[in-house]
$ cat run17.cif   # mmCIF, C-alpha atoms and all ligand atoms
data_input
loop_
_atom_site.label_atom_id
_atom_site.label_comp_id
_atom_site.auth_asym_id
_atom_site.auth_seq_id
_atom_site.Cartn_x
_atom_site.Cartn_y
_atom_site.Cartn_z
CA MET A 182 0.83 -136.62 -139.82
CA ALA A 183 0.98 -140.35 -140.60
CA PRO A 184 4.27 -141.54 -142.13
CA GLN A 185 3.99 -141.71 -145.91
CA LYS A 186 5.80 -144.08 -148.20
CA PRO A 187 8.04 -142.06 -150.50
CA GLN A 188 7.27 -142.49 -154.16
CA LEU A 189 10.24 -143.65 -156.23
CA ASN A 190 11.23 -142.21 -159.57
CA LYS A 191 14.00 -142.87 -162.10
CA THR A 192 16.80 -141.17 -160.19
CA HIS A 193 15.65 -143.04 -157.13
CA GLN A 194 15.74 -146.52 -158.60
CA ARG A 195 18.71 -148.56 -157.69
CA ASP A 196 21.36 -149.45 -160.22
CA LYS A 197 20.93 -153.23 -160.56
CA THR A 198 24.67 -153.96 -160.35
CA LEU A 199 24.77 -152.16 -157.09
CA GLN A 200 24.18 -151.77 -154.14
CA ILE A 201 22.97 -151.27 -150.68
CA ASP A 202 24.50 -148.01 -149.63
CA MET A 203 24.63 -147.53 -145.88
CA ARG A 204 27.69 -145.27 -145.79
CA SER A 205 25.59 -142.34 -144.63
CA ASP A 206 22.10 -140.88 -144.60
CA THR A 207 23.45 -138.25 -147.01
CA VAL A 208 23.38 -140.66 -149.97
CA THR A 209 19.62 -140.43 -150.51
CA ARG A 210 18.21 -139.21 -153.80
CA PRO A 211 15.21 -136.89 -154.21
CA THR A 212 11.88 -138.68 -154.57
CA ALA A 213 9.43 -137.94 -157.40
CA GLY A 214 7.33 -135.78 -155.09
CA MET A 215 10.36 -133.83 -153.97
CA GLN A 216 11.47 -133.23 -157.56
CA GLN A 217 7.99 -132.02 -158.41
CA ALA A 218 8.10 -129.57 -155.50
CA MET A 219 11.49 -128.33 -156.72
CA MET A 220 10.19 -127.81 -160.24
CA GLU A 221 7.22 -125.83 -158.98
CA ALA A 222 9.22 -123.60 -156.61
CA ILE A 223 8.71 -119.88 -156.91
CA VAL A 224 12.17 -118.33 -156.77
CA GLY A 225 14.01 -115.01 -156.60
CA ASP A 226 17.52 -113.77 -155.90
CA ASP A 227 18.22 -114.84 -152.33
CA VAL A 228 21.30 -112.61 -152.00
CA PHE A 229 18.80 -109.73 -152.30
CA GLY A 230 16.53 -111.59 -149.84
CA ASP A 231 14.01 -112.01 -152.68
CA ASP A 232 13.47 -115.75 -152.80
CA PRO A 233 10.00 -116.44 -151.35
CA THR A 234 10.63 -120.17 -150.95
CA VAL A 235 13.85 -119.62 -149.01
CA ASN A 236 12.13 -116.98 -146.89
CA ARG A 237 9.29 -119.40 -146.17
CA LEU A 238 11.69 -122.18 -145.20
CA GLN A 239 13.54 -119.81 -142.85
CA ASP A 240 10.25 -118.65 -141.28
CA VAL A 241 8.91 -122.18 -140.91
CA VAL A 242 12.05 -123.48 -139.20
CA ALA A 243 12.48 -120.42 -136.97
CA GLU A 244 8.90 -120.94 -135.83
CA LEU A 245 9.33 -124.69 -135.34
CA LEU A 246 12.30 -124.03 -133.07
CA ALA A 247 10.70 -120.96 -131.44
CA LYS A 248 13.70 -118.79 -132.31
CA GLU A 249 13.70 -115.29 -133.82
CA ALA A 250 15.39 -115.97 -137.14
CA ALA A 251 16.93 -118.58 -139.44
CA LEU A 252 19.41 -118.64 -142.32
CA TYR A 253 19.48 -121.24 -145.09
CA VAL A 254 23.04 -122.31 -145.96
CA PRO A 255 24.67 -124.85 -148.29
CA SER A 256 25.95 -127.30 -145.66
CA GLY A 257 26.03 -128.32 -142.02
CA THR A 258 29.69 -127.43 -141.90
CA MET A 259 29.00 -123.88 -143.04
CA SER A 260 26.13 -123.58 -140.59
CA ASN A 261 28.27 -124.62 -137.62
CA GLN A 262 31.13 -122.42 -138.72
CA LEU A 263 28.84 -119.42 -139.14
CA ALA A 264 27.63 -120.01 -135.57
CA LEU A 265 31.24 -119.82 -134.39
CA LEU A 266 32.10 -116.81 -136.54
CA ALA A 267 29.00 -114.91 -135.44
CA GLN A 268 29.40 -115.55 -131.72
CA THR A 269 33.12 -115.64 -130.95
CA ASN A 270 36.21 -113.49 -131.41
CA ARG A 271 39.69 -114.60 -132.47
CA GLY A 272 41.56 -116.16 -129.57
CA ASP A 273 38.40 -117.20 -127.70
CA GLN A 274 37.96 -120.63 -126.11
CA VAL A 275 35.25 -123.02 -127.38
CA VAL A 276 34.50 -126.16 -125.33
CA LEU A 277 33.10 -129.26 -127.01
CA GLU A 278 33.14 -133.05 -126.79
CA ASP A 279 36.17 -134.81 -128.23
CA GLY A 280 34.17 -136.67 -130.90
CA ALA A 281 32.25 -133.57 -132.04
CA HIS A 282 31.83 -133.10 -135.77
CA ILE A 283 32.90 -129.45 -135.42
CA TYR A 284 36.25 -130.61 -134.05
CA ARG A 285 36.84 -133.86 -135.93
CA TYR A 286 35.34 -133.45 -139.37
CA GLU A 287 35.17 -129.80 -140.40
CA ALA A 288 38.66 -129.59 -141.87
CA GLY A 289 40.11 -127.51 -139.03
CA ALA A 290 37.72 -124.66 -139.86
CA PRO A 291 37.40 -123.29 -136.30
CA ALA A 292 41.16 -122.59 -136.31
CA VAL A 293 41.22 -121.16 -139.84
CA LEU A 294 37.98 -119.17 -139.93
CA SER A 295 37.18 -118.05 -136.37
CA GLY A 296 40.70 -118.43 -134.96
CA VAL A 297 39.31 -119.97 -131.79
CA GLN A 298 41.00 -122.39 -129.40
CA LEU A 299 39.08 -125.64 -129.01
CA SER A 300 39.07 -127.45 -125.66
CA CYS A 301 37.92 -131.01 -126.26
CA VAL A 302 36.42 -133.03 -123.43
CA LYS A 303 36.94 -136.79 -123.66
CA THR A 304 33.96 -138.86 -122.57
CA ALA A 305 33.22 -142.59 -122.61
CA ASP A 306 29.92 -142.25 -124.44
CA GLY A 307 29.85 -138.83 -126.14
CA ILE A 308 27.73 -137.32 -123.38
CA MET A 309 29.40 -134.31 -121.81
CA THR A 310 28.02 -133.24 -118.41
CA TRP A 311 28.07 -129.82 -116.77
CA PRO A 312 30.92 -130.82 -114.36
CA ASP A 313 32.96 -131.87 -117.45
CA VAL A 314 32.34 -128.51 -119.06
CA GLU A 315 32.88 -126.54 -115.87
CA ALA A 316 36.28 -128.21 -115.42
CA ALA A 317 37.24 -127.39 -119.03
CA LEU A 318 36.17 -123.73 -119.08
CA ASN A 319 39.07 -121.34 -118.69
CA PRO A 320 39.08 -119.03 -115.67
CA ASP A 321 38.78 -115.32 -116.29
CA ASN A 322 42.54 -114.81 -116.27
CA ILE A 323 44.82 -112.84 -118.56
CA HIS A 324 46.86 -115.98 -119.31
CA CYS A 325 43.90 -117.88 -120.74
CA ALA A 326 41.78 -117.75 -123.87
CA PRO A 327 38.43 -116.17 -122.87
CA ALA A 328 35.71 -118.81 -122.55
CA ALA A 329 33.20 -117.81 -125.22
CA MET A 330 31.20 -120.81 -126.36
CA VAL A 331 30.13 -124.36 -125.50
CA CYS A 332 28.93 -126.66 -128.32
CA LEU A 333 26.90 -129.86 -128.06
CA GLU A 334 25.91 -132.32 -130.80
CA ASN A 335 22.47 -133.99 -130.70
CA THR A 336 22.22 -136.64 -131.94
CA HIS A 337 25.92 -137.37 -131.55
CA ASN A 338 27.20 -138.90 -134.77
CA GLY A 339 30.59 -140.09 -133.47
CA ALA A 340 28.89 -141.72 -130.47
CA GLY A 341 26.52 -143.73 -132.68
CA GLY A 342 23.57 -141.36 -133.02
CA ARG A 343 23.23 -140.97 -129.24
CA ILE A 344 20.51 -138.74 -127.90
CA LEU A 345 21.80 -136.40 -125.21
CA PRO A 346 19.64 -136.38 -122.05
CA GLN A 347 17.57 -133.20 -122.22
CA GLU A 348 17.62 -132.51 -118.43
CA GLY A 349 21.43 -132.40 -118.57
CA ILE A 350 21.32 -130.00 -121.51
CA VAL A 351 18.85 -127.71 -119.74
CA ALA A 352 20.98 -127.65 -116.59
CA MET A 353 24.15 -127.01 -118.59
CA GLY A 354 22.47 -124.26 -120.61
CA LYS A 355 21.54 -122.38 -117.45
CA GLU A 356 25.10 -122.50 -116.12
CA VAL A 357 26.70 -121.64 -119.46
CA ARG A 358 24.42 -118.73 -120.27
CA ARG A 359 24.57 -117.39 -116.68
CA ARG A 360 28.31 -116.92 -117.32
CA GLY A 361 27.64 -114.98 -120.54
CA ILE A 362 28.99 -117.87 -122.63
CA ARG A 363 27.21 -118.75 -125.88
CA PHE A 364 25.62 -122.19 -126.20
CA HIS A 365 25.50 -123.73 -129.71
CA LEU A 366 23.93 -127.00 -130.81
CA ASP A 367 25.11 -128.95 -133.82
CA GLY A 368 21.68 -130.43 -134.43
CA ALA A 369 22.42 -131.90 -137.86
CA ARG A 370 20.17 -134.79 -136.77
CA LEU A 371 18.03 -133.01 -134.16
CA TRP A 372 15.04 -134.22 -136.22
CA HIS A 373 15.89 -137.75 -135.07
CA THR A 374 15.97 -136.73 -131.42
CA HIS A 375 12.59 -135.06 -131.88
CA VAL A 376 11.02 -138.14 -133.49
CA ALA A 377 12.60 -140.62 -131.06
CA THR A 378 11.80 -138.73 -127.84
CA GLY A 379 8.57 -136.96 -128.77
CA LEU A 380 10.05 -133.71 -127.40
CA SER A 381 9.18 -130.75 -129.61
CA LEU A 382 11.89 -129.11 -131.68
CA ALA A 383 11.23 -125.91 -129.71
CA GLU A 384 11.85 -127.71 -126.39
CA LEU A 385 15.02 -129.29 -127.73
CA ALA A 386 16.30 -125.92 -129.02
CA GLN A 387 15.23 -123.85 -126.02
CA PRO A 388 18.49 -124.03 -124.00
CA PHE A 389 20.63 -122.88 -126.94
CA ASP A 390 21.55 -119.52 -128.43
CA SER A 391 22.00 -121.08 -131.87
CA VAL A 392 21.11 -124.40 -133.49
CA SER A 393 22.24 -125.86 -136.81
CA LEU A 394 20.06 -128.47 -138.56
CA CYS A 395 20.57 -130.39 -141.82
CA PHE A 396 17.98 -131.27 -144.46
CA SER A 397 20.48 -133.28 -146.50
CA LYS A 398 20.77 -136.17 -144.05
CA GLY A 399 17.84 -138.23 -142.72
CA LEU A 400 15.26 -135.88 -144.23
CA GLY A 401 16.48 -136.75 -147.72
CA ALA A 402 16.83 -133.31 -149.33
CA PRO A 403 19.71 -133.02 -151.80
CA VAL A 404 21.31 -129.86 -150.34
CA GLY A 405 21.06 -127.57 -147.39
CA SER A 406 21.22 -126.79 -143.71
CA ILE A 407 19.86 -124.00 -141.58
CA LEU A 408 21.16 -121.92 -138.69
CA VAL A 409 18.60 -120.59 -136.20
CA GLY A 410 18.98 -118.19 -133.32
CA ASP A 411 18.35 -114.64 -132.22
CA ARG A 412 18.03 -111.90 -134.83
CA ALA A 413 21.40 -110.26 -134.10
CA THR A 414 23.31 -113.57 -134.38
CA ILE A 415 21.59 -114.51 -137.63
CA LYS A 416 22.28 -111.04 -139.05
CA ARG A 417 25.99 -111.49 -138.35
CA ALA A 418 25.88 -115.03 -139.80
CA TYR A 419 24.22 -113.64 -142.94
CA ARG A 420 27.18 -111.36 -143.56
CA PHE A 421 29.69 -114.17 -142.90
CA ARG A 422 27.74 -116.47 -145.24
CA LYS A 423 28.33 -113.93 -148.03
CA MET A 424 32.00 -113.66 -147.07
CA LEU A 425 32.43 -117.45 -147.35
CA GLY A 426 30.76 -117.53 -150.76
CA GLY A 427 27.59 -119.12 -149.43
CA GLY A 428 25.23 -116.47 -150.84
CA MET A 429 23.18 -118.34 -153.44
CA ARG A 430 20.76 -116.90 -155.97
CA GLN A 431 17.54 -118.70 -157.10
CA VAL A 432 18.06 -121.24 -154.37
CA GLY A 433 14.36 -121.66 -153.66
CA ILE A 434 14.66 -124.70 -155.95
CA LEU A 435 16.63 -126.33 -153.14
CA ALA A 436 14.66 -124.79 -150.30
CA ALA A 437 11.51 -126.32 -151.85
CA ALA A 438 13.06 -129.77 -151.40
CA CYS A 439 13.73 -128.94 -147.75
CA LEU A 440 10.14 -127.77 -147.16
CA TYR A 441 8.92 -130.94 -148.86
CA SER A 442 11.18 -133.06 -146.65
CA LEU A 443 9.71 -131.48 -143.51
CA ASP A 444 6.19 -132.31 -144.65
CA HIS A 445 6.87 -135.83 -145.93
CA HIS A 446 10.02 -137.29 -144.42
CA LEU A 447 10.11 -136.19 -140.79
CA THR A 448 7.84 -138.68 -139.02
CA ARG A 449 9.13 -141.55 -141.16
CA LEU A 450 12.57 -141.26 -139.48
CA GLN A 451 11.10 -143.70 -136.97
CA GLU A 452 11.41 -146.34 -139.67
CA ASP A 453 15.18 -145.69 -139.98
CA HIS A 454 15.49 -146.02 -136.20
CA GLU A 455 13.70 -149.37 -136.34
CA HIS A 456 15.99 -150.57 -139.15
CA ALA A 457 19.03 -149.56 -137.10
CA ARG A 458 17.77 -151.39 -134.02
CA TYR A 459 16.94 -154.47 -136.11
CA LEU A 460 20.47 -154.44 -137.46
CA ALA A 461 22.07 -154.04 -134.03
CA THR A 462 19.96 -156.67 -132.31
CA GLY A 463 20.34 -159.16 -135.18
CA LEU A 464 24.13 -158.95 -135.22
CA ASP A 465 25.48 -162.33 -134.20
CA HIS A 466 29.18 -162.67 -134.77
CA PRO A 467 32.11 -163.33 -132.41
CA ALA A 468 34.30 -160.54 -133.87
CA LEU A 469 31.60 -157.89 -134.29
CA ALA A 470 29.80 -155.88 -131.63
CA VAL A 471 27.64 -152.80 -131.33
CA ASP A 472 28.82 -151.32 -128.06
CA HIS A 473 26.60 -148.25 -127.93
CA PRO A 474 22.86 -147.97 -127.36
CA VAL A 475 21.15 -147.55 -130.73
CA ASP A 476 19.00 -144.51 -129.96
CA THR A 477 18.39 -143.45 -133.57
CA ASN A 478 19.63 -144.29 -137.07
CA ILE A 479 23.37 -144.84 -136.62
CA VAL A 480 25.02 -148.20 -135.94
CA ILE A 481 28.74 -148.32 -135.21
CA ILE A 482 30.18 -151.82 -135.26
CA SER A 483 33.43 -152.59 -133.43
CA VAL A 484 35.52 -155.07 -135.38
CA ALA A 485 38.01 -157.21 -133.46
CA GLY A 486 41.47 -157.82 -134.87
CA PRO A 487 44.05 -155.58 -136.54
CA GLY A 488 43.06 -154.47 -140.05
CA GLN A 489 39.79 -156.41 -139.83
CA ASP A 490 37.73 -153.22 -140.12
CA ASP A 491 39.17 -152.59 -143.60
CA ALA A 492 38.72 -156.27 -144.44
CA LEU A 493 35.06 -156.09 -143.46
CA VAL A 494 34.44 -152.92 -145.52
CA ALA A 495 36.09 -154.60 -148.54
CA HIS A 496 34.18 -157.85 -148.01
CA LEU A 497 30.83 -156.05 -147.88
CA ALA A 498 31.74 -153.96 -150.93
CA SER A 499 32.42 -157.18 -152.84
CA LEU A 500 28.79 -158.11 -152.10
CA GLY A 501 27.52 -154.70 -153.26
CA ILE A 502 27.08 -153.34 -149.74
CA LEU A 503 28.70 -150.01 -148.98
CA VAL A 504 29.64 -149.00 -145.43
CA VAL A 505 32.40 -146.74 -144.10
CA GLY A 506 35.33 -147.25 -141.78
CA PHE A 507 34.81 -144.96 -138.79
CA GLY A 508 38.15 -144.78 -137.01
CA PRO A 509 40.38 -147.73 -136.11
CA GLY A 510 38.40 -150.92 -135.51
CA ARG A 511 35.05 -149.29 -136.24
CA VAL A 512 32.65 -149.44 -139.16
CA ARG A 513 29.52 -147.26 -139.49
CA LEU A 514 26.17 -148.13 -141.06
CA ILE A 515 23.21 -145.78 -141.44
CA PRO A 516 19.81 -146.88 -142.74
CA HIS A 517 17.93 -144.04 -144.47
CA LEU A 518 15.10 -143.07 -146.78
CA ASP A 519 16.27 -145.41 -149.56
CA THR A 520 16.81 -148.41 -147.23
CA THR A 521 14.25 -151.21 -147.08
CA ARG A 522 13.83 -153.92 -144.43
CA ASP A 523 14.95 -156.39 -147.07
CA ASP A 524 18.22 -154.39 -147.46
CA VAL A 525 18.76 -154.56 -143.72
CA ARG A 526 18.19 -158.33 -143.75
CA LYS A 527 20.76 -158.74 -146.55
CA VAL A 528 23.29 -156.63 -144.70
CA LEU A 529 22.77 -158.65 -141.52
CA GLN A 530 23.20 -161.88 -143.41
CA ALA A 531 26.45 -160.60 -144.95
CA LEU A 532 27.75 -159.45 -141.56
CA ASN A 533 26.79 -162.61 -139.70
CA SER A 534 28.31 -164.90 -142.32
CA TRP A 535 31.55 -162.91 -142.50
CA SER A 536 33.37 -164.90 -139.85
CA ALA A 537 33.33 -168.00 -142.02
CA ALA A 538 34.83 -166.05 -144.91
CA ALA A 539 37.39 -164.28 -142.73
CA ASN A 540 38.51 -167.45 -141.00
CA ASP A 541 38.85 -169.52 -144.17
C1 LIG S 601 26.75 -134.08 -136.64
C2 LIG S 601 27.12 -133.45 -137.94
N1 LIG S 601 27.30 -132.13 -138.00
C3 LIG S 601 27.63 -131.50 -139.14
C4 LIG S 601 27.79 -132.21 -140.31
C5 LIG S 601 28.21 -131.47 -141.55
O1 LIG S 601 27.26 -131.47 -142.54
P1 LIG S 601 27.70 -131.23 -144.09
O2 LIG S 601 28.21 -132.54 -144.56
O3 LIG S 601 26.42 -130.80 -144.71
O4 LIG S 601 28.73 -130.18 -144.10
C6 LIG S 601 27.62 -133.59 -140.30
C7 LIG S 601 27.80 -134.37 -141.54
O5 LIG S 601 27.73 -135.58 -141.57
C8 LIG S 601 27.27 -134.24 -139.09
O6 LIG S 601 27.11 -135.56 -139.01
#
$ encode --input "run17.cif" --output "C-alpha cells"
Amino acid sequence: MAPQKPQLNKTHQRDKTLQIDMRSDTVTRPTAGMQQAMMEAIVGDDVFGDDPTVNRLQDVVAELLAKEAALYVPSGTMSNQLALLAQTNRGDQVVLEDGAHIYRYEAGAPAVLSGVQLSCVKTADGIMTWPDVEAALNPDNIHCAPAAMVCLENTHNGAGGRILPQEGIVAMGKEVRRRGIRFHLDGARLWHTHVATGLSLAELAQPFDSVSLCFSKGLGAPVGSILVGDRATIKRAYRFRKMLGGGMRQVGILAAACLYSLDHHLTRLQEDHEHARYLATGLDHPALAVDHPVDTNIVIISVAGPGQDDALVAHLASLGILVVGFGPGRVRLIPHLDTTRDDVRKVLQALNSWSAAAND
C-alpha cells in the first residue's frame, strides 16, 4: 500500500509555544483517522477473551509473523517480561547484549519477576554474533545457572536503531534451538527492520520462539505491544499477564488504534528513516558526531567535552527542541509520525550553530 499522509486533528496540532519533540517515537499523538477507528471499535471483556477487536489484532499479527498465537499487552516491557516468565525458571541463565533494553531499561524486572541471571555480552556495535553467545552460555554443570534463553533486539535501540544482519540471526537461532535454549526477540521496532530491508515480518520472526513488537512507537498508536509465539508459550504468558495486572477489559478501543496503525502507518516508516539519515548526514559540527550507521529512525549524537551533552540538551530545549541524554556524552533524537522535514531542518540548524553559542 502506498504511504498515506496522516490527517491531523486537534490533539495532533502542535502547541505554538512548543516544540519539536524528538525525545522518542513514543511521543506521537493519535491522528483523526486513528481516533475515529477507536470510537468505532466493537469491544467486549478481554479478560474473558470476548473482545473481538483484540482477538482480531492478535490473529492479524500472529498471521503476519507466521506464529501460532499472539497476546496483546499494555507495554513492550510487559511483553518482554512475559516472554521471560513463560520460558524460563528461577535461577536460569539468559544471555543478551549489554545494551539490550531488557537489561538496561526494564527496571531490573528479569531479576525481580523471573529470578533469572543475565549474562551480558559487550559488543562494539550492538551486534552479538554466535561465537559471542557460545562463549557466554554456561556449560551444563551443577555449579552454573542453566542456560535457558538468548535474547536479541532488532532494531537495537541502544546501538542507534541498528538492524541486525538476518543471516547471523538465522545461524544463531539454529545453534541456540539445537541446544534446547529458547530464542526471544525484542522486536519493539521490528516494523522498521521490515520496512528498511524489505524482508517479511514472517522471515524476520522465523528464527525465534517468541517475538515482542510495539505499536506505541513508530507506528503511532497510543498504547500497546504484542507477544507472539507458539500456543503453549502464549498460554503461559496469558496467565502471567493476569498475574501482573495486565488483564484489561474493553481494550478493543486501544487494539483498534493498533490495527489502524498497521494499515496506515507501517510503510510510512520509510519517511522517518529518511529524516534520520538527513539529520545524520547534515550534521556539521566539530564537537558532534554520529558514530553509528543510521539504519532506521534513531540518531545518537556523541557530544565531545565533559557535561556538554547536558549543555546541548538544555540549549536545544531553550529553542523549543526536545531531545534526551542517552548515557554519558550521548544525546538521542528520533524522528516520528509527527515530525516534518521542516522540523528536521530546524533541528539541524540548531545543532550546527551550537558551537558558536557554546564557545562564546
Ligand atoms: C527496544 C525496546 N524494547 C522495549 C521497550 C519497552 O517498551 P515500553 O516503553 O512500551 O515498555 C522499548 C521502549 O522504548 C524499546 O526501545
$ residues_around --input "run17.cif" --residues "segment 481-490 of chain A" --least-positions-apart "2" --cutoff "8 Å" --atoms "all atoms listed in the file" --output "list in words"
Gly341, Ala468, Leu469, Ala470, Val471, Asp472, His473, Ile479, Ala492, Leu493, Val494, Gly506, Phe507, Pro509, Gly510, Arg511, Val512, Arg513 and Leu514 of chain A
$ residues_near_ligand --input "run17.cif" --ligand "ligand LIG 601 (chain S)" --cutoff "9 Å" --atoms "only C-alpha atoms and all ligand atoms" --output "VMD selection string"
chain A and resid 205 to 207 255 to 261 281 to 283 286 to 287 334 to 339 342 367 to 370 393 to 398 404 to 406
$ closest_residue --input "run17.cif" --among "A:Leu435, A:Phe229, A:Leu246, A:Leu252" --to "Arg412 of chain A" --atoms "all atoms listed in the file"
A:Leu252
$ closest_residue --input "run17.cif" --among "A:Ala340, A:Ile515, A:Val314, A:Val525" --to "Ala352 of chain A" --atoms "only C-alpha atoms"
A:Val314
$ atom_distance --input "run17.cif" --atom1 "atom CA of Ala329 of chain A" --atom2 "atom CA of Gln274 of chain A"
5.6 Å
$ residues_around --input "run17.cif" --residues "Val241 of chain A" --least-positions-apart "3" --cutoff "10 Å" --atoms "only C-alpha atoms" --output "short mmCIF file (atom, residue, chain, number, x, y, z; two decimals) with C-alpha atoms, keeping the file's coordinate frame"
data_model
loop_
_atom_site.label_atom_id
_atom_site.label_comp_id
_atom_site.auth_asym_id
_atom_site.auth_seq_id
_atom_site.Cartn_x
_atom_site.Cartn_y
_atom_site.Cartn_z
CA VAL A 235 13.85 -119.62 -149.01
CA ASN A 236 12.13 -116.98 -146.89
CA ARG A 237 9.29 -119.40 -146.17
CA LEU A 238 11.69 -122.18 -145.20
CA GLU A 244 8.90 -120.94 -135.83
CA LEU A 245 9.33 -124.69 -135.34
CA LEU A 246 12.30 -124.03 -133.07
CA ALA A 247 10.70 -120.96 -131.44
CA ALA A 250 15.39 -115.97 -137.14
CA ALA A 251 16.93 -118.58 -139.44
CA LEU A 440 10.14 -127.77 -147.16
CA LEU A 443 9.71 -131.48 -143.51
#
